[in-house]
Every structure is written in structure tokens, then in C-alpha cells.
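Text of coords-v2.txt, listed as compact mmCIF, C-alpha atoms:
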```txt
# COMPACT_ATOMS: atom_id res chain seq x y z
CA MET A 19 138.70 63.34 224.62
CA ILE A 20 137.96 66.43 226.75
CA SER A 21 134.97 66.38 229.10
CA CYS A 22 131.69 68.18 228.45
CA LYS A 23 132.57 70.61 231.26
CA GLU A 24 135.85 71.49 229.59
CA ALA A 25 134.18 71.74 226.15
CA VAL A 26 131.46 74.06 227.45
CA ALA A 27 134.08 76.27 229.13
CA ARG A 28 135.70 76.78 225.70
CA LEU A 29 132.57 77.49 223.61
CA TRP A 30 132.44 81.29 223.77
CA THR A 31 136.20 81.57 223.32
CA HIS A 32 135.81 79.33 220.26
CA LEU A 33 133.05 81.59 218.89
CA ASP A 34 135.27 84.62 219.54
CA ARG A 35 138.01 82.88 217.48
CA ASN A 36 140.35 83.14 220.44
CA LEU A 37 141.00 79.41 220.88
CA GLY A 38 144.13 78.14 219.27
CA GLY A 39 145.85 74.96 218.11
CA PRO A 40 145.30 71.92 220.30
CA GLN A 41 142.47 73.50 222.33
CA GLU A 42 140.49 74.18 219.16
CA ARG A 43 141.12 70.68 217.79
CA GLU A 44 140.09 69.04 221.08
CA LEU A 45 136.87 71.03 221.11
CA GLU A 46 136.05 70.19 217.49
CA GLU A 47 136.66 66.51 218.21
CA HIS A 48 134.31 66.73 221.20
CA LEU A 49 131.61 68.59 219.26
CA GLY A 50 131.78 65.97 216.52
CA LEU A 51 130.62 63.34 219.01
CA CYS A 52 128.53 65.19 221.63
CA ARG A 53 125.00 66.30 220.77
CA HIS A 54 124.51 67.99 224.14
CA CYS A 55 127.49 70.30 223.63
CA CYS A 56 126.35 71.08 220.08
CA GLY A 57 123.12 72.34 221.71
CA GLU A 58 125.19 74.42 224.12
CA LEU A 59 127.20 75.80 221.21
CA GLU A 60 124.04 76.91 219.39
CA PHE A 61 122.71 78.48 222.59
CA ALA A 62 125.99 80.34 223.14
CA ARG A 63 125.84 81.56 219.53
CA GLN A 64 122.26 82.83 219.99
CA ALA A 65 123.05 84.47 223.35
CA ARG A 66 126.03 86.19 221.77
CA GLU A 67 123.84 87.47 218.92
CA ARG A 68 121.24 88.68 221.40
CA LEU A 69 123.80 90.92 223.09
CA ARG A 70 124.69 92.72 219.87
CA ALA A 71 123.47 96.32 219.81
CA PRO A 72 120.31 96.72 217.76
CA ALA A 73 120.91 98.45 214.44
CA ALA A 74 119.12 101.58 215.60
CA GLY A 75 121.18 101.78 218.79
CA VAL A 76 120.25 104.12 221.61
CA GLU A 77 119.80 107.67 220.38
CA ILE A 78 120.44 110.69 222.57
CA PRO A 79 117.15 112.24 223.71
CA PRO A 80 116.74 115.72 222.11
CA GLU A 81 117.27 117.70 225.35
CA ALA A 82 120.38 115.70 226.25
CA ARG A 83 121.69 116.11 222.69
CA GLU A 84 121.26 119.85 222.99
CA ARG A 85 123.21 119.93 226.27
CA VAL A 86 126.01 117.71 224.93
CA GLU A 87 126.26 119.71 221.69
CA ARG A 88 126.39 122.96 223.65
CA PHE A 89 129.15 121.50 225.82
CA LEU A 90 131.06 120.38 222.71
CA GLU A 91 130.65 123.81 221.15
CA ARG A 92 132.01 125.51 224.30
CA LEU A 93 135.01 123.16 224.31
CA SER A 94 135.68 123.80 220.64
CA LYS A 95 135.63 127.54 221.13
CA LYS A 96 138.66 127.07 223.34
CA ASP A 97 140.53 125.74 220.26
CA MET B 12 155.14 113.62 221.77
CA ALA B 13 154.82 116.29 219.05
CA GLU B 14 151.45 117.98 219.07
CA ALA B 15 149.59 118.52 215.81
CA ALA B 16 148.24 121.97 215.08
CA VAL B 17 144.59 122.35 216.07
CA GLN B 18 142.34 124.45 213.88
CA GLU B 19 139.21 126.06 215.26
CA GLY B 20 136.20 123.75 215.16
CA GLN B 21 138.32 120.74 214.17
CA PHE B 22 137.63 118.87 217.41
CA GLU B 23 133.89 119.43 217.20
CA ALA B 24 133.78 118.35 213.55
CA MET B 25 135.68 115.15 214.34
CA VAL B 26 133.67 114.18 217.42
CA HIS B 27 130.15 115.19 216.43
CA PRO B 28 129.42 112.22 214.09
CA HIS B 29 130.26 109.82 216.95
CA LEU B 30 128.02 111.33 219.65
CA ASP B 31 125.18 108.81 219.26
CA TYR B 32 127.63 105.91 219.29
CA LEU B 33 129.37 107.18 222.43
CA TYR B 34 126.09 107.92 224.16
CA ALA B 35 124.69 104.44 223.41
CA MET B 36 127.88 102.86 224.77
CA ALA B 37 127.72 105.08 227.86
CA VAL B 38 124.12 103.98 228.54
CA ARG B 39 125.24 100.37 228.45
CA LEU B 40 128.22 101.03 230.70
CA CYS B 41 126.33 103.15 233.27
CA GLY B 42 122.86 101.63 233.04
CA ASN B 43 120.95 104.91 232.92
CA ARG B 44 120.67 107.94 230.68
CA ALA B 45 121.51 110.66 233.22
CA ALA B 46 124.81 109.02 234.19
CA ALA B 47 125.50 108.29 230.52
CA GLU B 48 125.16 111.96 229.60
CA ASP B 49 127.58 112.92 232.39
CA LEU B 50 130.00 110.24 231.24
CA VAL B 51 129.90 111.49 227.64
CA GLN B 52 130.67 115.02 228.83
CA ASP B 53 133.57 113.73 230.98
CA ALA B 54 134.89 111.85 227.96
CA LEU B 55 134.54 114.88 225.64
CA LEU B 56 136.52 117.02 228.05
CA ARG B 57 139.21 114.36 228.36
CA ALA B 58 139.29 113.87 224.58
CA PHE B 59 139.58 117.60 224.02
CA ARG B 60 142.59 117.77 226.35
CA GLY B 61 144.28 114.93 224.46
CA PHE B 62 143.21 116.02 220.98
CA ALA B 63 146.41 117.89 220.12
CA ARG B 64 148.38 114.66 220.63
CA LEU B 65 146.05 112.55 218.46
CA ARG B 66 147.72 111.59 215.20
CA ASN B 67 145.05 109.61 213.37
CA ARG B 68 142.15 112.04 213.15
CA GLU B 69 140.61 110.33 210.12
CA HIS B 70 139.42 107.32 212.16
CA PRO B 71 139.02 108.48 215.75
CA ARG B 72 136.38 105.98 216.93
CA LEU B 73 138.73 103.53 218.68
CA TRP B 74 140.46 106.44 220.40
CA LEU B 75 137.12 107.90 221.50
CA VAL B 76 136.03 104.52 222.88
CA LYS B 77 139.32 104.33 224.79
CA VAL B 78 138.72 107.81 226.22
CA LEU B 79 135.12 106.93 227.15
CA THR B 80 136.26 103.73 228.87
CA SER B 81 138.99 105.57 230.82
CA SER B 82 136.44 108.16 231.89
CA PHE B 83 134.12 105.36 233.02
CA TYR B 84 136.88 103.85 235.19
CA ASP B 85 137.64 107.30 236.64
CA ARG B 86 133.98 107.69 237.50
CA LEU B 87 133.95 104.32 239.29
CA ARG B 88 137.05 105.30 241.27
CA ARG B 89 135.46 108.61 242.25
CA GLU B 90 132.42 106.68 243.45
CA ARG B 91 134.87 104.44 245.36
CA ARG B 92 133.65 101.35 243.57
CA ALA B 93 136.08 98.50 243.11
CA VAL B 94 137.34 98.40 239.54
CA ALA B 95 139.95 95.69 239.47
CA ALA B 96 138.90 93.49 242.37
CA GLU B 97 138.90 89.77 241.74
CA VAL B 98 135.47 88.58 240.76
CA GLU B 99 134.19 85.36 242.20
CA VAL B 100 132.08 83.46 239.74
CA ASP B 101 130.08 80.29 240.07
CA GLU B 102 131.93 78.03 237.65
CA GLU B 103 129.41 75.25 238.21
CA PHE B 104 126.40 77.26 237.04
CA ASP B 105 125.43 76.52 233.44
CA LEU B 106 122.47 78.46 232.04
CA PHE B 107 121.80 75.99 229.22
CA ASP B 108 121.59 73.10 231.69
CA ARG B 109 119.48 75.11 234.15
CA ILE B 110 116.94 75.92 231.44
CA THR B 111 116.91 72.27 230.34
CA GLU B 112 116.35 71.08 233.92
CA GLU B 113 113.70 73.64 234.87
CA ASP B 114 111.93 73.55 231.47
CA PRO B 115 110.10 76.86 231.94
CA PHE B 116 108.27 76.54 228.60
CA PRO B 117 106.98 72.95 228.61
CA TYR B 118 105.01 73.32 225.37
CA SER B 119 107.88 74.79 223.40
CA ASP B 120 110.34 72.95 221.16
CA ARG B 121 112.77 75.92 221.35
CA VAL B 122 112.92 76.37 225.10
CA HIS B 123 116.42 77.88 225.20
CA LEU B 124 115.61 80.47 222.56
CA ASP B 125 112.31 81.26 224.32
CA PHE B 126 114.38 82.06 227.40
CA LEU B 127 116.58 84.49 225.46
CA ASP B 128 113.47 86.09 223.93
CA LEU B 129 112.45 87.19 227.45
CA PHE B 130 115.15 89.85 227.29
CA ASP B 131 114.66 92.97 225.22
CA ASP B 132 117.40 95.62 224.98
CA VAL B 133 116.22 97.48 228.09
CA LYS B 134 116.26 94.31 230.20
CA LEU B 135 119.67 93.32 228.85
CA ILE B 136 121.10 96.70 229.86
CA GLU B 137 119.70 96.11 233.37
CA VAL B 138 121.21 92.64 233.57
CA LEU B 139 124.59 93.89 232.34
CA GLN B 140 124.68 96.35 235.26
CA ARG B 141 124.79 93.39 237.63
CA VAL B 142 128.07 92.20 236.13
CA HIS B 143 131.24 93.45 237.86
CA PRO B 144 132.64 96.59 236.12
CA SER B 145 135.76 95.24 234.40
CA PRO B 146 134.16 92.07 233.03
CA ARG B 147 131.15 94.23 232.09
CA VAL B 148 133.31 96.59 230.04
CA ALA B 149 134.86 93.58 228.28
CA LEU B 150 131.46 92.00 227.57
CA ILE B 151 130.01 95.23 226.20
CA LEU B 152 133.01 95.96 223.99
CA ALA B 153 133.22 92.37 222.71
CA TYR B 154 129.61 91.34 222.24
CA VAL B 155 127.61 94.55 221.93
CA TYR B 156 130.17 96.43 219.81
CA GLY B 157 132.17 93.61 218.23
CA PHE B 158 135.69 94.57 219.34
CA ALA B 159 138.26 91.76 219.24
CA ALA B 160 139.98 90.78 222.49
CA ARG B 161 143.25 92.40 221.35
CA GLU B 162 141.42 95.68 220.63
CA ILE B 163 139.85 95.53 224.09
CA GLY B 164 143.39 95.17 225.45
CA THR B 165 144.36 98.35 223.60
CA ILE B 166 141.27 100.20 224.81
CA THR B 167 141.67 99.20 228.45
CA GLY B 168 145.48 99.09 228.53
CA LYS B 169 145.45 95.48 229.77
CA PRO B 170 147.23 92.37 228.44
CA LEU B 171 145.31 89.86 226.32
CA GLY B 172 145.27 87.29 229.15
CA THR B 173 143.49 89.73 231.45
CA VAL B 174 140.89 90.53 228.79
CA LEU B 175 140.23 86.82 228.13
CA ALA B 176 139.86 86.23 231.88
CA TRP B 177 137.40 89.16 232.13
CA LEU B 178 135.40 87.76 229.22
CA HIS B 179 135.23 84.34 230.84
CA ARG B 180 134.18 85.71 234.24
CA GLY B 181 131.79 88.15 232.64
CA ARG B 182 130.04 85.40 230.67
CA LYS B 183 129.70 83.17 233.72
CA GLN B 184 128.33 86.05 235.78
CA LEU B 185 126.01 87.09 232.94
CA GLU B 186 124.57 83.56 232.68
CA ARG B 187 123.82 83.53 236.39
CA GLU B 188 122.36 87.07 236.33
CA LEU B 189 120.10 86.31 233.34
CA TRP B 190 118.59 83.42 235.29
CA GLU B 191 118.31 85.44 238.51
CA TYR B 192 116.70 88.35 236.65
CA ALA B 193 114.19 86.08 234.92
CA THR B 194 113.16 84.50 238.20
CA THR B 195 113.10 87.61 240.40
CA HIS B 196 111.17 89.59 237.77
CA HIS B 197 108.65 86.77 237.37
CA LEU B 198 109.44 86.22 233.72
CA LEU B 199 109.20 82.46 234.15
CA THR B 200 106.20 80.36 235.12
CA PRO B 201 105.42 80.37 238.88
CA HIS B 202 106.16 76.68 239.46
CA VAL B 203 109.72 77.13 238.16
CA GLU B 204 110.37 80.15 240.38
CA GLY B 205 109.25 78.12 243.38
CA GLN B 206 111.88 75.48 242.70
CA ARG B 207 114.89 77.82 242.87
```

Show the structure stored in the file as C-alpha cells.
Amino acid sequence: MISCKEAVARLWTHLDRNLGGPQERELEEHLGLCRHCCGELEFARQARERLRAPAAGVEIPPEARERVERFLERLSKKD
Amino acid sequence: MAEAAVQEGQFEAMVHPHLDYLYAMAVRLCGNRAAAEDLVQDALLRAFRGFARLRNREHPRLWLVKVLTSSFYDRLRRERRAVAAEVEVDEEFDLFDRITEEDPFPYSDRVHLDFLDLFDDVKLIEVLQRVHPSPRVALILAYVYGFAAREIGTITGKPLGTVLAWLHRGRKQLERELWEYATTHHLLTPHVEGQR
């Protein structure tokens, strides 16, 4: 069975669905027996979720929007 | 490559619905709003120059992200900041274990989640700035915007192996930087900070 260190190194890649074949199977076998790494997996999942952009996102402040739109308009006039 | 005919106002009409998205991504890449606005303008100019060669104008978002990312790399080069340098990461550091050991919230039964709750979006943007540029781009595209590793390869023009290596290094560096940020900004209890 792979070590906890090796399992932890694979967790995010596993969550990204980028692990394949034997590496995935070895990790699943490890997670089936190791409570500590299951905790790490849940933490990695939560940290990953935390990074996701909030639904509202970051809106352009009105003055900046005006400048960017004016710039876009000037570019488009060169069409 | 054959260039498609460009009608007046077509570029503006295509790009305008994506301005907020591009701006939000630029803030995360650059870390501040002034630089983000400049980056968006750089990207719009670059996109405009390449517009005639763009075939799929119905779904331009991936192309616009690619243009924004290229403009970001150009900006780093102009500022003479290393873009592709090897990043040294502390492979031994494990944030989960560090939180378990230091136990900054002794009365909590969700100590790891309490740690993550310390970081709102503004703080996360600050922490991301501490990650080396290429791994940072990969982290932002993958985890903030949900692009798959292969798409990140297309956006950055790098092979899948390079993207996966960036993601690994970026995550390790991010773990370390989250802990450093929490301690240096006094987000944890004083006795924990003293034990660093």
C-alpha cells in the first residue's frame, strides 16, 4: 500500500480527476483504510471549494468600466 | 490563415458581455484593480489585432482568456519578473498537519474549516499574489474558474505535464502561504503565532 505522504501528494490531482489507472486505484485502496488521509481529502475538497470565484465575482468599478468601454469603442471604430 | 471579414462594431459586440469576467480574472492575476484595468486594456488591444483571424466568434471566452493570459505574461516580462523560473517548494509542509499540530481553535470541532473561514475573497487574492506567476495562473484558471488541466495547456500553450507540475507546485506554495499569511496577519491566536 502507498504511504500517507504519497497519498496526500495525490489528493488534489484525484479531485481534479487527473489521476489515472494504477495511481487512482492505489489511492482509493489507501483511503479505504486511512482515516487521517480521509480527513486530508475532505480538507483539500473544502480548500478547493473556497478558491472558487464567488457567484457575484468582482465587478468593474463604474469609473473603470467607463474607461474600458471608451477604449473598446475607440478600438471598434478602427474596424 | 484566412481572415474573416470584420463588420463595424462586431468586435465590441462580441467582447462587451465578457468585460466583467475578464476584469475579475485580471484582478486575481495582478492582485490590484489599477493593474487589472491596464491588463484588460492590453488584452483588448491584443484581441482586436487578432480578431480577424478568430474563427469561432460564437463562443469567444476561451480565446479571450488565452489573450488575457498572454498579455499577463507580457506584462511580467516587461517588468522583468521571472515567468518560467523553476519554483522551489517545501514538499514537507502540509497545511492540514500544521493546523492539527498547532490547534489554533482549541474549542472547535471543525478546526480545519475554521482555518479556511479566516480567508475571505480579498484575503485569498492577496495570498494568491504570493504564489509564483506560472503556478498562480494555473491555480486561478483551475480552481477559481474551473478550467481543466488540458484547457489550461491550450490557454498557456504548455504541455499537460507542465500544467500538472505547476498545479502541484502552486498548491504546495499556496498551503505554505495561507499559513504564513494567517500568522503574520495575526489571524490566529497569539500563543500559536509564538510557536512558529

(message) Distance limit 6 Å, atoms considered: all atoms listed in the file. Which chain B residues sit that close to chain A? Return them as a VMD selection string.
(response) chain B and resid 19 to 20 23 31 35 154 to 155

(request) Name the residues in contact with range 131-140 of chain B at a cut-off of 9 Å, using all atoms listed in the file, excluding same-chain residues fewer than 5 positions from it; report them as a VMD selection string. (result) (chain A and resid 68 to 69 71 to 72) or (chain B and resid 38 to 43 147 150 to 151 185 188 to 189 192)

(request) Record the distance separating CA of Trp190 in chain B and CA of Tyr156 in chain B, expressed in Å with one decimal. (result)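 Between CA of Trp190 in chain B and CA of Tyr156 in chain B the gap works out to 23.3 Å.
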
(message) Nearest residue to Ala25 in chain A out of A:Arg43, A:Arg53, A:His48, A:Arg63, using all atoms listed in the file?
(response) A:His48

(message) Could you tell me how far CA of Gln184 in chain B sits from CA of Lys77 in chain B, in Å to one decimal place?
(response) 24.0 Å

(message) Between CA of Glu69 in chain B and CA of Ala160 in chain B, what distance in Å does the model show, to one decimal?
(response) 23.1 Å

(request) Would you mind listing what lies within 8 Å of Leu33 in chain B as a PyMOL selection string, with only C-alpha atoms counted and same-chain residues fewer than 2 positions away left out? (result) chain B and resi 29-31+35-37+51+75-76+79

Kindly list the centre and edge lengths in Å, rounded to one decimal, for the axis-aligned box that covers all listed atoms of range 60-65 of chain A plus 3 Å on each of its six sides, as AutoDock Vina command-line options.
```
--center_x 124.1 --center_y 80.7 --center_z 221.4 --size_x 9.7 --size_y 13.6 --size_z 10.0
```

(message) I'd like the contact shell of Gly172 in chain B - 12 Å cut-off, only C-alpha atoms, skipping same-chain residues fewer than 5 positions apart - returned as an MDAnalysis selection string.
(response) (chainID A and resid 36) or (chainID B and resid 160:161 163:164 177:179)
